[in-house]
Amino acid sequence: MNRRFENELSDSLKSSLRSLEAAAHDDAVEAAAEAAQARLPARLQRAQGTTRTLSRAASRSGWAVAVGAMIALAVGIVIPMLSSGSDAFAAAQARFRDFKTLSMTVTQRFGNRATNTSRTVVDARGVLRTDVGTQLSVIVDAPRGRILTLLHEPRQAMIAPIPKTAAAQDGALPWLEELRAFKGNATALKETRIIDGRTAHGWLLQLPGGAMTLWADDDGLPLAMRQQGGGGLEIDYRFEFDRPIPPALLSSDPPAGYMPVAPDEE
Amino acid sequence: MSFLNSPHRSVFVTELGESDAPEALAHQYGRAVFKAAYRVLGDAALAEDVQQEVFLRLLEAPPADVKSWPAYLSASAVRGAIDVLRRQRRWWRVLPLWSAQEPTAAPSAEHETIERERAQRLRDALAALPRREAQCFGLRYLQGLDIGDIALALEMSENNVNVTLHRARRRLESRLGDTAAEIAP
């Protein structure tokens, strides 16, 4: 807030504006601004790449080539949009059913305040790794029925069986199974977003675990998701499909140099 | 027609120099644009979307004559964020199924401070304003633009900006007055 105009405002409006300004200056927002700034050049570069292709086409072969490129681009953009919303959503849903790896950044928020960010990757077998900061990694190896917990600073590794309670067995990514099996109506949103430099279309859907908004590009590639929890909790996901992951990262065998420790007794 | 292939580009680059290319502007003002959008939206993911949109538009349709890039970019960010805020409100309103889980209407969690509630109520009230009023208010009181700059950014007369700001203030005071008693410490 620029306070040089504060005198134009009533006291209640002034204090509301100050609250709004204060909320924009906490550490989480500063970190988010830095992260967004770091991602910005790559996105502009990607967008510019498309523009340059068209520009070169025009200069080499005249308007015919440029117009051809434009038409190809337009067809690529428009045809998926002409298909029904349910088809586009089905394409996005299919991506969650068939991937080699799915990497995601997960940010939890309470009342717009980021409280926790982690990196998660899951492969087609269902092995799932979550890295919380630089200190802790958890690998849930469902095929082998065990969990490997790595504490990186003391270089300790702990292996424990996956608890047999239903919640623990599918507790890793319950929304993924719900989304794969979803057969209800996904409500297409009218507005689009720009995510990772790509135009993203959104759908609202109600899953057993709660409401969520899913965003996917023109090809149906899911880019982001927001899950609504109770009590003001929101969980934001940013997706990346089929990124090569070294097999060792998804192994529940303790890595070299880590000392095995016994699981804590309950 | 693309930015790189348009006649505007040469004018743009010749008059303003390579340092005013979108990449350089993004480097210099990216954070400020993010924060301008965040102040309105209170949501980092949406603010980042607005930030990207502002600079992608510079690539696609560069403005011909910009006297002050900070003013131009912050105005773009506030306008974009106001649009997102209004769209969000519209969607939550027309989808009663999810309205119980609307983030902006969620009951206060333990973690939320009175300050945050107050800020969120102002965002809600801004989203309910007519578009022009919300834009004028955001540019004046969040970005600190002079009346002349707001008039330029929104292609309005200065007199019209003053009238619009007056209406915005009255509407907001009325809306916030209704809830002030609930959140007063």
# chains A, B, ... in the order shown; residues from 1 in each chain; ligands from 1
call {"tool": "residues_around", "arguments": {"residues": "A:Met225", "least_positions_apart": "3", "cutoff": "12 Å", "atoms": "only C-alpha atoms", "output": "PyMOL selection string"}}
result
(chain A and resi 92+104-108+175-176+179+193+195+200-205+211-216+221-222+228+234-240) or (chain B and resi 45)
call {"tool": "select_by_dssp", "arguments": {"residues": "stretch 33-170 of chain B", "states": "helix (DSSP H, G or I)", "output": "PyMOL selection string"}}
result
chain B and resi 33-41+44-60+69-94+96-99+103-105+114-128+131-142+147-154+158-170
call {"tool": "residues_around", "arguments": {"residues": "A:Gln37", "least_positions_apart": "2", "cutoff": "9 Å", "atoms": "only C-alpha atoms", "output": "PyMOL selection string"}}
result
(chain A and resi 32-35+39-41) or (chain B and resi 26-27+30-31+34+48+51)
call {"tool": "write_last_selection", "arguments": {"atoms": "C-alpha atoms", "output": "PDB file, in the first residue's frame"}}
result
ATOM      1  CA  ALA A  32       6.883 -17.778  -3.500  1.00  0.00           C
ATOM      2  CA  ALA A  33       7.851 -14.581  -5.340  1.00  0.00           C
ATOM      3  CA  GLU A  34      11.440 -15.799  -5.647  1.00  0.00           C
ATOM      4  CA  ALA A  35      10.336 -19.212  -6.898  1.00  0.00           C
ATOM      5  CA  ARG A  39      10.597 -20.054 -13.266  1.00  0.00           C
ATOM      6  CA  LEU A  40       9.652 -17.017 -15.338  1.00  0.00           C
ATOM      7  CA  PRO A  41      12.586 -16.873 -17.838  1.00  0.00           C
TER       8      PRO A  41
ATOM      9  CA  ALA B  26      10.684  -9.821 -16.579  1.00  0.00           C
ATOM     10  CA  HIS B  27      14.071  -9.963 -14.880  1.00  0.00           C
ATOM     11  CA  GLY B  30       8.979  -9.877 -12.326  1.00  0.00           C
ATOM     12  CA  ARG B  31       8.935  -9.859  -8.529  1.00  0.00           C
ATOM     13  CA  PHE B  34       4.064 -11.037  -8.722  1.00  0.00           C
ATOM     14  CA  GLU B  48       2.234 -16.519 -10.579  1.00  0.00           C
ATOM     15  CA  GLN B  51       2.780 -12.699 -13.561  1.00  0.00           C
TER      16      GLN B  51
END
call {"tool": "atom_distance", "arguments": {"atom1": "atom CA of B:Arg118", "atom2": "atom CA of A:Ser16"}}
result
5.6 Å
call {"tool": "closest_residue", "arguments": {"among": "B:Leu176, B:Cys136, B:Leu25, B:Ala153", "to": "chain A", "atoms": "only C-alpha atoms"}}
result
B:Leu176
call {"tool": "residues_around", "arguments": {"residues": "B:Gln52", "least_positions_apart": "2", "cutoff": "12 Å", "atoms": "only C-alpha atoms", "output": "ChimeraX atom specification"}}
result
/A:36-47,193-199 /B:22-23,26,29-31,33-34,37,45-50,54-59,73,76-77,80-81
call {"tool": "closest_residue", "arguments": {"among": "B:Ala125, B:Ala119, B:Ala71, B:Leu154", "to": "chain A", "atoms": "only C-alpha atoms"}}
result
B:Ala119
call {"tool": "closest_residue", "arguments": {"among": "B:Asp65, B:Glu155, B:Glu133, B:Glu117", "to": "chain A", "atoms": "only C-alpha atoms"}}
result
B:Glu117
call {"tool": "residues_around", "arguments": {"residues": "A:Ala91", "least_positions_apart": "3", "cutoff": "9 Å", "atoms": "only C-alpha atoms", "output": "JSON, numbers by chain"}}
result
{"A": [86, 87, 88, 94, 95, 219, 220, 221]}
call {"tool": "atom_distance", "arguments": {"atom1": "atom CA of A:Arg18", "atom2": "atom CA of B:Glu173"}}
result
14.6 Å
call {"tool": "atom_distance", "arguments": {"atom1": "atom CA of A:Met158", "atom2": "atom CA of A:Leu102"}}
result
24.7 Å
call {"tool": "closest_residue", "arguments": {"among": "B:Gln120, B:Ser74, B:Ser174, B:Asn159", "to": "B:Gly138", "atoms": "only C-alpha atoms"}}
result
B:Ser74
call {"tool": "closest_residue", "arguments": {"among": "A:Gly210, A:Pro260, A:Pro254, A:Pro154", "to": "chain B", "atoms": "only C-alpha atoms"}}
result
A:Gly210
